[in-house]
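> Below is the file input.cif, which contains mmCIF, C-alpha atoms.
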data_upload
loop_
_atom_site.label_atom_id
_atom_site.label_comp_id
_atom_site.auth_asym_id
_atom_site.auth_seq_id
_atom_site.Cartn_x
_atom_site.Cartn_y
_atom_site.Cartn_z
CA MET A 20 -73.59 -34.58 -75.03
CA GLY A 21 -75.60 -34.40 -71.79
CA ARG A 22 -75.37 -31.56 -69.33
CA TRP A 23 -72.53 -31.89 -66.84
CA GLU A 24 -73.72 -33.59 -63.63
CA PRO A 25 -71.88 -32.90 -60.39
CA GLY A 26 -70.96 -35.75 -58.05
CA ALA A 27 -71.23 -35.70 -54.25
CA ARG A 28 -67.95 -33.84 -53.78
CA GLU A 29 -68.95 -31.11 -56.23
CA ARG A 30 -72.44 -30.82 -54.74
CA LEU A 31 -70.90 -30.40 -51.28
CA VAL A 32 -68.66 -27.59 -52.46
CA MET A 33 -71.52 -25.79 -54.21
CA ALA A 34 -73.87 -26.19 -51.24
CA ALA A 35 -71.18 -24.84 -48.92
CA VAL A 36 -70.49 -21.82 -51.09
CA ASP A 37 -74.20 -21.02 -51.32
CA LEU A 38 -74.65 -21.33 -47.55
CA PHE A 39 -71.59 -19.17 -46.88
CA THR A 40 -73.14 -16.50 -49.10
CA GLU A 41 -76.57 -16.73 -47.48
CA GLN A 42 -75.65 -16.90 -43.82
CA GLY A 43 -71.90 -16.42 -43.49
CA TYR A 44 -69.00 -18.83 -43.08
CA ASP A 45 -69.06 -19.01 -39.27
CA ALA A 46 -72.79 -19.67 -39.05
CA THR A 47 -72.67 -22.55 -41.55
CA THR A 48 -72.38 -26.08 -40.15
CA VAL A 49 -71.27 -29.35 -41.73
CA THR A 50 -74.76 -30.72 -41.09
CA GLN A 51 -76.34 -27.89 -43.09
CA ILE A 52 -73.89 -28.34 -45.94
CA ALA A 53 -74.58 -32.08 -46.15
CA GLU A 54 -78.36 -31.53 -46.03
CA ARG A 55 -78.27 -28.90 -48.77
CA ALA A 56 -76.12 -31.18 -50.95
CA GLY A 57 -78.52 -34.08 -50.38
CA VAL A 58 -75.91 -36.38 -48.84
CA THR A 59 -75.28 -37.72 -45.35
CA LYS A 60 -72.84 -36.22 -42.88
CA SER A 61 -70.62 -39.28 -43.20
CA THR A 62 -70.43 -38.66 -46.95
CA PHE A 63 -69.20 -35.15 -46.12
CA PHE A 64 -66.48 -36.60 -43.90
CA ARG A 65 -65.44 -39.11 -46.56
CA HIS A 66 -64.57 -36.14 -48.77
CA PHE A 67 -63.39 -33.46 -46.30
CA PRO A 68 -62.09 -33.55 -42.71
CA ASP A 69 -63.91 -30.28 -41.91
CA LYS A 70 -65.56 -27.13 -43.28
CA ARG A 71 -62.33 -25.27 -43.70
CA GLU A 72 -60.66 -28.02 -45.73
CA LEU A 73 -63.55 -27.90 -48.16
CA LEU A 74 -62.32 -24.46 -49.16
CA VAL A 75 -58.59 -25.14 -49.19
CA ALA A 76 -58.62 -28.58 -50.88
CA GLY A 77 -58.75 -27.07 -54.37
CA GLN A 78 -56.09 -24.56 -53.39
CA GLU A 79 -53.56 -27.28 -52.57
CA THR A 80 -54.12 -29.04 -55.88
CA LEU A 81 -53.72 -25.74 -57.71
CA CYS A 82 -50.50 -24.94 -55.89
CA ARG A 83 -49.06 -28.41 -56.58
CA LEU A 84 -49.89 -28.25 -60.30
CA LEU A 85 -48.50 -24.72 -60.71
CA THR A 86 -45.18 -25.58 -59.11
CA GLU A 87 -44.91 -28.95 -60.91
CA GLY A 88 -45.49 -27.21 -64.23
CA ILE A 89 -42.76 -24.68 -63.44
CA ALA A 90 -40.33 -27.36 -62.26
CA GLU A 91 -40.85 -29.50 -65.37
CA ALA A 92 -40.65 -26.72 -67.96
CA PRO A 93 -37.82 -27.24 -70.49
CA ALA A 94 -34.35 -26.29 -69.20
CA GLY A 95 -34.02 -23.34 -71.59
CA ALA A 96 -37.44 -21.82 -70.72
CA SER A 97 -37.45 -18.14 -69.68
CA PRO A 98 -39.01 -17.22 -66.29
CA LEU A 99 -42.34 -16.34 -67.94
CA GLU A 100 -42.26 -19.44 -70.15
CA ALA A 101 -41.87 -21.51 -66.99
CA VAL A 102 -44.80 -19.61 -65.40
CA ALA A 103 -46.85 -20.28 -68.55
CA ALA A 104 -46.09 -24.00 -68.19
CA GLY A 105 -47.28 -23.82 -64.58
CA LEU A 106 -50.51 -22.09 -65.60
CA GLN A 107 -51.16 -24.67 -68.32
CA ARG A 108 -50.68 -27.48 -65.85
CA ALA A 109 -52.94 -25.73 -63.30
CA SER A 110 -55.68 -25.27 -65.87
CA THR A 111 -56.17 -29.05 -66.00
CA ALA A 112 -57.69 -28.87 -62.50
CA MET A 113 -60.36 -26.38 -63.56
CA GLY A 114 -63.35 -28.04 -65.16
CA PRO A 115 -67.08 -27.28 -65.55
CA MET A 116 -67.47 -27.39 -61.78
CA SER A 117 -65.01 -24.54 -61.24
CA ARG A 118 -66.76 -22.51 -63.88
CA GLU A 119 -70.23 -23.18 -62.50
CA ILE A 120 -69.16 -22.30 -58.99
CA ALA A 121 -67.30 -19.09 -59.89
CA PRO A 122 -70.15 -16.55 -59.60
CA ARG A 123 -71.35 -18.06 -56.32
CA LEU A 124 -67.84 -18.09 -54.88
CA LYS A 125 -67.42 -14.46 -55.94
CA ALA A 126 -70.65 -13.51 -54.13
CA ALA A 127 -69.63 -15.45 -51.01
CA VAL A 128 -66.22 -13.75 -50.91
CA ALA A 129 -67.70 -10.29 -51.54
CA ALA A 130 -70.01 -10.80 -48.54
CA SER A 131 -67.37 -11.93 -46.05
CA THR A 132 -64.22 -10.21 -44.80
CA GLU A 133 -63.10 -13.57 -43.41
CA LEU A 134 -63.30 -15.18 -46.86
CA GLN A 135 -61.60 -12.14 -48.43
CA GLU A 136 -58.73 -12.55 -46.00
CA ARG A 137 -58.52 -16.28 -46.72
CA ASP A 138 -58.64 -15.64 -50.45
CA ALA A 139 -55.88 -13.03 -50.17
CA LEU A 140 -53.66 -15.46 -48.26
CA LYS A 141 -54.24 -17.98 -51.08
CA SER A 142 -52.81 -15.52 -53.60
CA VAL A 143 -49.83 -14.74 -51.40
CA SER A 144 -49.17 -18.46 -50.84
CA LEU A 145 -49.42 -19.24 -54.54
CA ALA A 146 -46.96 -16.44 -55.33
CA ALA A 147 -44.53 -17.69 -52.67
CA ALA A 148 -44.72 -21.29 -53.97
CA MET A 149 -44.16 -20.16 -57.57
CA THR A 150 -41.24 -17.96 -56.51
CA ALA A 151 -39.61 -20.92 -54.74
CA ALA A 152 -40.13 -23.12 -57.83
CA LEU A 153 -38.54 -20.48 -60.07
CA ILE A 154 -35.59 -19.97 -57.72
CA ALA A 155 -35.07 -23.75 -57.76
CA ARG A 156 -34.71 -23.43 -61.56
CA GLY A 157 -31.95 -20.85 -61.07
CA VAL A 158 -34.05 -17.72 -61.70
CA PRO A 159 -32.56 -14.89 -59.56
CA ASP A 160 -34.68 -13.60 -56.69
CA PRO A 161 -36.22 -10.31 -57.77
CA THR A 162 -37.04 -11.74 -61.21
CA ALA A 163 -38.56 -14.87 -59.66
CA ALA A 164 -40.76 -12.80 -57.32
CA LEU A 165 -41.91 -10.58 -60.17
CA ALA A 166 -42.59 -13.44 -62.60
CA SER A 167 -44.68 -15.12 -59.89
CA GLU A 168 -46.77 -11.98 -59.40
CA LEU A 169 -47.43 -11.94 -63.13
CA GLY A 170 -48.48 -15.58 -62.84
CA VAL A 171 -50.91 -14.89 -60.00
CA LEU A 172 -52.32 -11.83 -61.78
CA ALA A 173 -52.70 -13.86 -64.99
CA PHE A 174 -54.52 -16.58 -63.06
CA LYS A 175 -56.95 -14.10 -61.47
CA ARG A 176 -57.55 -12.14 -64.66
CA GLY A 177 -57.87 -15.24 -66.83
CA PHE A 178 -60.25 -16.83 -64.35
CA ILE A 179 -62.54 -13.79 -64.35
CA GLU A 180 -62.62 -13.67 -68.16
CA TRP A 181 -63.24 -17.41 -68.41
CA SER A 182 -66.00 -17.52 -65.79
CA ASP A 183 -67.70 -14.36 -67.10
CA GLY A 184 -67.67 -15.68 -70.67
CA ASP A 185 -70.48 -17.83 -72.00
CA ARG A 186 -68.45 -20.16 -74.18
CA ASP A 187 -66.94 -23.45 -73.07
CA ASP A 188 -63.46 -22.44 -74.17
CA GLU A 189 -60.46 -24.05 -72.61
CA PHE A 190 -59.35 -22.27 -69.46
CA ALA A 191 -55.68 -22.59 -70.47
CA ALA A 192 -56.22 -20.25 -73.44
CA TYR A 193 -57.57 -17.52 -71.11
CA LEU A 194 -54.62 -17.90 -68.76
CA LEU A 195 -52.03 -17.66 -71.51
CA LYS A 196 -53.79 -14.66 -73.07
CA ALA A 197 -53.82 -12.88 -69.69
CA LEU A 198 -50.13 -13.66 -69.19
CA ASP A 199 -49.32 -12.32 -72.66
CA GLU A 200 -51.15 -9.07 -71.92
CA LEU A 201 -49.18 -8.68 -68.70
CA ARG A 202 -45.91 -9.42 -70.49
CA ALA A 203 -46.76 -6.69 -73.00
CA ALA A 204 -47.70 -4.31 -70.15
CA SER A 205 -44.33 -4.94 -68.50
CA THR A 206 -42.64 -3.05 -71.32
CA SER A 207 -44.68 0.11 -70.70
CA LEU A 208 -44.07 0.62 -67.00
CA GLY A 209 -41.66 3.47 -67.64
CA MET B 8 -30.05 13.31 -29.19
CA GLY B 9 -31.95 11.15 -26.69
CA ARG B 10 -33.33 7.72 -27.47
CA TRP B 11 -36.71 7.76 -29.17
CA GLU B 12 -39.49 7.49 -26.56
CA PRO B 13 -42.84 6.04 -27.57
CA GLY B 14 -46.07 7.76 -26.54
CA ALA B 15 -49.24 6.04 -25.30
CA ARG B 16 -50.45 5.17 -28.80
CA GLU B 17 -47.12 3.59 -29.73
CA ARG B 18 -46.90 1.70 -26.43
CA LEU B 19 -50.40 0.33 -27.03
CA VAL B 20 -49.49 -0.95 -30.48
CA MET B 21 -46.30 -2.57 -29.21
CA ALA B 22 -48.03 -4.15 -26.21
CA ALA B 23 -50.75 -5.52 -28.49
CA VAL B 24 -48.28 -7.01 -30.95
CA ASP B 25 -46.33 -8.66 -28.12
CA LEU B 26 -49.50 -10.11 -26.61
CA PHE B 27 -50.73 -11.37 -29.99
CA THR B 28 -47.39 -13.17 -30.36
CA GLU B 29 -47.44 -14.65 -26.89
CA GLN B 30 -51.04 -15.78 -26.61
CA GLY B 31 -52.76 -15.25 -29.95
CA TYR B 32 -54.96 -12.51 -31.34
CA ASP B 33 -58.28 -13.97 -30.20
CA ALA B 34 -57.15 -14.57 -26.62
CA THR B 35 -55.87 -11.02 -26.19
CA THR B 36 -58.22 -8.48 -24.57
CA VAL B 37 -58.24 -4.69 -24.58
CA THR B 38 -57.76 -4.79 -20.79
CA GLN B 39 -54.57 -6.84 -21.16
CA ILE B 40 -53.23 -4.55 -23.87
CA ALA B 41 -53.84 -1.43 -21.75
CA GLU B 42 -52.23 -3.06 -18.68
CA ARG B 43 -49.15 -4.13 -20.60
CA ALA B 44 -48.80 -0.64 -22.08
CA GLY B 45 -49.15 0.92 -18.63
CA VAL B 46 -52.21 2.98 -19.50
CA THR B 47 -55.88 2.85 -18.54
CA LYS B 48 -58.58 1.23 -20.61
CA SER B 49 -60.09 4.64 -21.34
CA THR B 50 -56.75 5.75 -22.78
CA PHE B 51 -56.95 2.73 -25.10
CA PHE B 52 -60.40 3.82 -26.25
CA ARG B 53 -59.25 7.41 -26.79
CA HIS B 54 -56.82 6.02 -29.39
CA PHE B 55 -58.66 3.02 -30.89
CA PRO B 56 -62.33 1.98 -31.03
CA ASP B 57 -61.36 -1.69 -30.62
CA LYS B 58 -58.60 -4.31 -30.86
CA ARG B 59 -59.00 -4.82 -34.57
CA GLU B 60 -58.72 -1.11 -35.41
CA LEU B 61 -55.41 -1.02 -33.60
CA LEU B 62 -54.05 -3.23 -36.37
CA VAL B 63 -55.73 -1.57 -39.34
CA ALA B 64 -55.25 2.09 -38.34
CA GLY B 65 -51.74 2.22 -39.79
CA GLN B 66 -52.96 0.45 -42.89
CA GLU B 67 -55.48 3.16 -43.72
CA THR B 68 -52.90 5.91 -43.39
CA LEU B 69 -50.52 3.96 -45.61
CA CYS B 70 -53.18 3.43 -48.25
CA ARG B 71 -54.17 7.11 -48.23
CA LEU B 72 -50.57 8.31 -48.56
CA LEU B 73 -49.77 5.84 -51.36
CA THR B 74 -52.76 6.87 -53.44
CA GLU B 75 -52.29 10.60 -52.75
CA GLY B 76 -48.67 10.35 -53.87
CA ILE B 77 -49.75 8.62 -57.09
CA ALA B 78 -52.53 11.13 -57.75
CA GLU B 79 -50.26 14.13 -57.23
CA ALA B 80 -47.28 12.90 -59.27
CA PRO B 81 -46.43 15.22 -62.19
CA ALA B 82 -48.68 14.86 -65.23
CA GLY B 83 -45.91 13.42 -67.41
CA ALA B 84 -44.81 10.78 -64.88
CA SER B 85 -44.65 7.18 -66.15
CA PRO B 86 -46.66 4.50 -64.27
CA LEU B 87 -43.62 3.47 -62.21
CA GLU B 88 -42.64 7.09 -61.55
CA ALA B 89 -46.13 7.65 -60.15
CA VAL B 90 -45.75 4.52 -58.01
CA ALA B 91 -42.37 5.82 -56.79
CA ALA B 92 -44.07 9.09 -55.78
CA GLY B 93 -46.66 7.07 -53.84
CA LEU B 94 -43.94 5.08 -52.06
CA GLN B 95 -42.07 8.25 -51.13
CA ARG B 96 -45.22 9.77 -49.69
CA ALA B 97 -46.00 6.54 -47.80
CA SER B 98 -42.51 6.44 -46.31
CA THR B 99 -43.29 9.59 -44.32
CA ALA B 100 -45.64 7.53 -42.14
CA MET B 101 -42.93 5.06 -41.18
CA GLY B 102 -40.78 6.29 -38.32
CA PRO B 103 -38.71 4.76 -35.49
CA MET B 104 -41.86 3.14 -34.11
CA SER B 105 -42.50 1.16 -37.31
CA ARG B 106 -38.91 0.04 -37.33
CA GLU B 107 -38.87 -0.97 -33.69
CA ILE B 108 -42.10 -2.90 -34.04
CA ALA B 109 -41.17 -4.74 -37.25
CA PRO B 110 -39.51 -7.87 -35.75
CA ARG B 111 -42.31 -8.29 -33.21
CA LEU B 112 -44.99 -7.87 -35.84
CA LYS B 113 -43.20 -10.43 -38.02
CA ALA B 114 -43.18 -12.92 -35.12
CA ALA B 115 -46.85 -12.28 -34.38
CA VAL B 116 -47.83 -12.80 -38.01
CA ALA B 117 -45.68 -15.94 -38.35
CA ALA B 118 -47.49 -17.44 -35.33
CA SER B 119 -51.05 -16.77 -36.47
CA THR B 120 -52.90 -17.85 -39.60
CA GLU B 121 -55.53 -15.23 -38.79
CA LEU B 122 -52.93 -12.45 -38.85
CA GLN B 123 -51.39 -13.91 -42.03
CA GLU B 124 -54.78 -13.76 -43.69
CA ARG B 125 -55.32 -10.18 -42.50
CA ASP B 126 -51.85 -9.21 -43.66
CA ALA B 127 -52.47 -10.77 -47.07
CA LEU B 128 -55.72 -8.85 -47.47
CA LYS B 129 -53.79 -5.65 -46.66
CA SER B 130 -51.48 -6.31 -49.61
CA VAL B 131 -54.39 -7.05 -51.92
CA SER B 132 -56.22 -3.90 -50.77
CA LEU B 133 -53.13 -1.73 -51.23
CA ALA B 134 -52.65 -3.09 -54.75
CA ALA B 135 -56.31 -2.45 -55.60
CA ALA B 136 -56.15 1.13 -54.28
CA MET B 137 -52.94 1.85 -56.21
CA THR B 138 -54.42 0.35 -59.38
CA ALA B 139 -57.48 2.62 -59.06
CA ALA B 140 -55.23 5.66 -58.51
CA LEU B 141 -53.18 4.80 -61.61
CA ILE B 142 -56.27 4.21 -63.75
CA ALA B 143 -57.55 7.63 -62.61
CA ARG B 144 -54.30 9.06 -64.08
CA GLY B 145 -55.12 7.43 -67.42
CA VAL B 146 -52.82 4.41 -67.12
CA PRO B 147 -54.46 1.50 -69.02
CA ASP B 148 -55.71 -1.44 -66.97
CA PRO B 149 -53.19 -4.25 -67.29
CA THR B 150 -50.30 -1.79 -66.91
CA ALA B 151 -51.91 -0.19 -63.85
CA ALA B 152 -52.43 -3.59 -62.20
CA LEU B 153 -48.87 -4.62 -62.91
CA ALA B 154 -47.30 -1.33 -61.77
CA SER B 155 -49.26 -1.64 -58.51
CA GLU B 156 -47.93 -5.14 -57.91
CA LEU B 157 -44.42 -3.80 -58.36
CA GLY B 158 -45.28 -1.10 -55.83
CA VAL B 159 -46.55 -3.60 -53.26
CA LEU B 160 -43.54 -5.88 -53.81
CA ALA B 161 -41.20 -2.88 -53.47
CA PHE B 162 -42.91 -1.89 -50.24
CA LYS B 163 -42.58 -5.40 -48.77
CA ARG B 164 -38.99 -5.90 -49.93
CA GLY B 165 -37.90 -2.40 -48.93
CA PHE B 166 -39.52 -2.77 -45.52
CA ILE B 167 -37.71 -6.05 -44.82
CA GLU B 168 -34.34 -4.56 -45.83
CA TRP B 169 -34.95 -1.42 -43.78
CA SER B 170 -36.11 -3.24 -40.63
CA ASP B 171 -33.38 -5.89 -40.85
CA GLY B 172 -30.68 -3.25 -41.28
CA ASP B 173 -29.01 -1.63 -38.30
CA ARG B 174 -28.63 1.88 -39.67
CA ASP B 175 -31.16 4.66 -39.29
CA ASP B 176 -31.35 5.29 -43.02
CA GLU B 177 -34.39 6.87 -44.51
CA PHE B 178 -37.05 4.32 -45.38
CA ALA B 179 -37.76 6.07 -48.69
CA ALA B 180 -34.30 5.16 -50.01
CA TYR B 181 -34.97 1.46 -49.36
CA LEU B 182 -38.32 1.63 -51.12
CA LEU B 183 -36.93 3.33 -54.22
CA LYS B 184 -34.01 0.90 -54.38
CA ALA B 185 -36.39 -2.06 -54.19
CA LEU B 186 -38.58 -0.54 -56.92
CA ASP B 187 -35.52 0.02 -59.13
CA GLU B 188 -34.47 -3.61 -58.72
CA LEU B 189 -37.94 -4.75 -59.73
CA ARG B 190 -37.96 -2.42 -62.72
CA ALA B 191 -34.64 -3.94 -63.81
CA ALA B 192 -36.02 -7.45 -63.25
CA SER B 193 -39.03 -6.63 -65.44
CA THR B 194 -36.73 -6.57 -68.47
CA SER B 195 -35.52 -10.15 -67.89
CA LEU B 196 -38.83 -11.97 -67.62
CA GLY B 197 -38.45 -13.48 -71.11
#
Kindly present the structure from the file in structure tokens form.


Amino acid sequence: MGRWEPGARERLVMAAVDLFTEQGYDATTVTQIAERAGVTKSTFFRHFPDKRELLVAGQETLCRLLTEGIAEAPAGASPLEAVAAGLQRASTAMGPMSREIAPRLKAAVAASTELQERDALKSVSLAAAMTAALIARGVPDPTAALASELGVLAFKRGFIEWSDGDRDDEFAAYLLKALDELRAASTSLG
Amino acid sequence: MGRWEPGARERLVMAAVDLFTEQGYDATTVTQIAERAGVTKSTFFRHFPDKRELLVAGQETLCRLLTEGIAEAPAGASPLEAVAAGLQRASTAMGPMSREIAPRLKAAVAASTELQERDALKSVSLAAAMTAALIARGVPDPTAALASELGVLAFKRGFIEWSDGDRDDEFAAYLLKALDELRAASTSLG
């Protein structure tokens, strides 16, 4: 098996994240991103309408997969079983590229309040979308809100474990392990 | 008892929130905020170093009170009892001004992605600070993270109930009720 080779879209995302880290989000232009990725500006615009979309594109896919997984979980699934189905579906969007980019993205976010704010709104939006999907399944409101927070926490914690690890394990296994740990913790809140 | 009368600081916050709603955060200047509040620019700067601080000042107080309440909860308190102590302490910072400003702040946030991002980062920061305070009490990590999320959810849900209501009930009662509902929900996650 050869090493994984990123395509133009992946190279653009990685170049952007590196430039955001080096010089900040505001100071980074589409021209610079395209240059660093070794593609033309028109290639950039074939993949993304602008700099901001480059960051949120993955977010929308993630949100869609999470809510689809919840909606299509078996009728008898408990709230957390439905969340687990959402996480499993979402994990299909996270490949070698996500893993390779994780440490750079972490550095870029740590260096920028603007990206921290954007990242925080992502979490809030994911939780809101999951809550709506659970309520649509008939889960009552406070339980739906809480199950969604467990889902978001599991995603964050599983992602950190997965991207810090050095084995090419499936991301889904990390997510489900993190969710299980949170389920266990929910019985010791007192 | 007379109607509650806001002081200069309160008038500045309310003027700012109204202007953010009307014309956006970026377009609003310190001069406009001072004018709307009926005070001089130097009065503004006696209260706040800049426009941004005006929004985050309350946040820092809230964070400090929450974590102090958690730190000073009795030694035998469970994770959620410590969170409840934090919420009770935090409620002391929320008076008639917070209640009066709530619908305007909600409108301002709804109208601005920038304020939504800032607001989301507030929630994430509060959760992180509460998690650290719980870990310092010896609560193990996944439980501390989860208890903090319940605390943040209780704060948000309690605040909405309190500010939507038309009675001058104590805010603390709303917070503890919201936390109780979430504790109950945590047993039906499946």

> What residues come out when you apply the PyMOL selection byres ((chain B) within 8 of (chain A)) to this file, written as a list in words?

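With the shown file as input, the PyMOL selection byres ((chain B) within 8 of (chain A)) matches Ser85, Pro86, Leu87, Glu88, Gln123, Glu124, Arg125, Asp126, Ala127, Leu128, Val131, Pro149, Thr150, Leu153, Ala154, Glu156, Leu157, Glu188, Leu189, Ala192, Ser193, Thr194, Ser195, Leu196 and Gly197 of chain B.
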
> Quote the spacing between CA of Leu186 in chain B and CA of Val20 in chain B in Å to one decimal place.

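Interatomic distance here is 28.6 Å.
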
> As a short mmCIF file (atom, residue, chain, number, x, y, z; two decimals) with C-alpha atoms, keeping the file's coordinate frame, please: the residues near His54 in chain B (cut-off 9 Å, all atoms listed in the file, same-chain neighbours under 4 positions excluded).


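Once everything was written out, this is selection.cif:
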data_model
loop_
_atom_site.label_atom_id
_atom_site.label_comp_id
_atom_site.auth_asym_id
_atom_site.auth_seq_id
_atom_site.Cartn_x
_atom_site.Cartn_y
_atom_site.Cartn_z
CA ALA B 15 -49.24 6.04 -25.30
CA ARG B 16 -50.45 5.17 -28.80
CA LEU B 19 -50.40 0.33 -27.03
CA SER B 49 -60.09 4.64 -21.34
CA THR B 50 -56.75 5.75 -22.78
CA LEU B 61 -55.41 -1.02 -33.60
#

> Mind checking which residues fall within 10 Å of Thr111 in chain A, counting only C-alpha atoms, ignoring those fewer than 6 positions away in the same chain, and posting them as a list in words?

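So, after excluding close chain neighbours, the residues are Leu81, Leu84, Glu189, Phe190 and Ala191 of chain A.
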
> Go ahead and write the residues just picked, C-alpha atoms, as a PDB file, keeping the file's coordinate frame.


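Below is the file again_31.pdb, written as the result:
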ATOM      1  CA  LEU A  81     -53.720 -25.740 -57.710  1.00  0.00           C
ATOM      2  CA  LEU A  84     -49.890 -28.250 -60.300  1.00  0.00           C
ATOM      3  CA  GLU A 189     -60.460 -24.050 -72.610  1.00  0.00           C
ATOM      4  CA  PHE A 190     -59.350 -22.270 -69.460  1.00  0.00           C
ATOM      5  CA  ALA A 191     -55.680 -22.590 -70.470  1.00  0.00           C
TER       6      ALA A 191
END

> Quick one: pull the distance between CA of Arg30 in chain A and CA of Glu79 in chain A, Å, one decimal.

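Between CA of Arg30 in chain A and CA of Glu79 in chain A the gap is 19.3 Å.
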
> Starting from the point (-54.8, -5.7, -35.0), work out which residues of protein, DNA or RNA have an atom no more than 10 Å away when counting all atoms listed in the file; state them as a list in words.

Val20, Ala23, Val24, Phe27, Tyr32, Asp57, Lys58, Arg59, Glu60, Leu61, Leu62, Val63, Ala64, Gly65, Leu122, Arg125 and Asp126 of chain B

> Could you jot down the CA of Thr35 in chain B to CA of Ala129 in chain A separation for me, Å, one decimal place?

28.0 Å

> Near Arg144 in chain B, counting all atoms listed in the file, which residues have an atom at most 9 Å away, once you skip same-chain residues fewer than 3 positions from it, shown as a list in words?

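Non-adjacent residues within range: Ile77, Ala78, Ala82, Pro86, Ala139, Ala140 and Leu141 of chain B.
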
> Show which residues sit within 7 Å of Ala22 in chain B, as number ranges by chain. Count only C-alpha atoms, and ignore same-chain residues fewer than 4 positions away.

B: 18, 26, 40, 43-44

> Which is closer to Asp171 in chain B than all the others in B:Ala143, B:Ala109, B:Ala115, B:Ala134, using only C-alpha atoms?

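The closest residue to Asp171 in chain B is B:Ala109.
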
> Identify which of the residues A:Ile154, A:Ala147, A:Ala92, A:Ile120 lies closest to Gln107 in chain A, counting only C-alpha atoms when measuring atom-to-atom distances.

A:Ala92

> If the PyMOL selection byres ((chain A and resi 117) around 12) were run on this exact file, what residues would it hold? Put them as number ranges by chain.

A: 23, 25, 29-30, 32-33, 36, 77-78, 81, 110-116, 118-125, 178-179, 181-182, 190

> Name the residues in contact with Leu73 in chain B at a cut-off of 6 Å, using only C-alpha atoms, excluding same-chain residues fewer than 4 positions from it; report them as a list in words.

Gly93, Leu94 and Ala97 of chain B
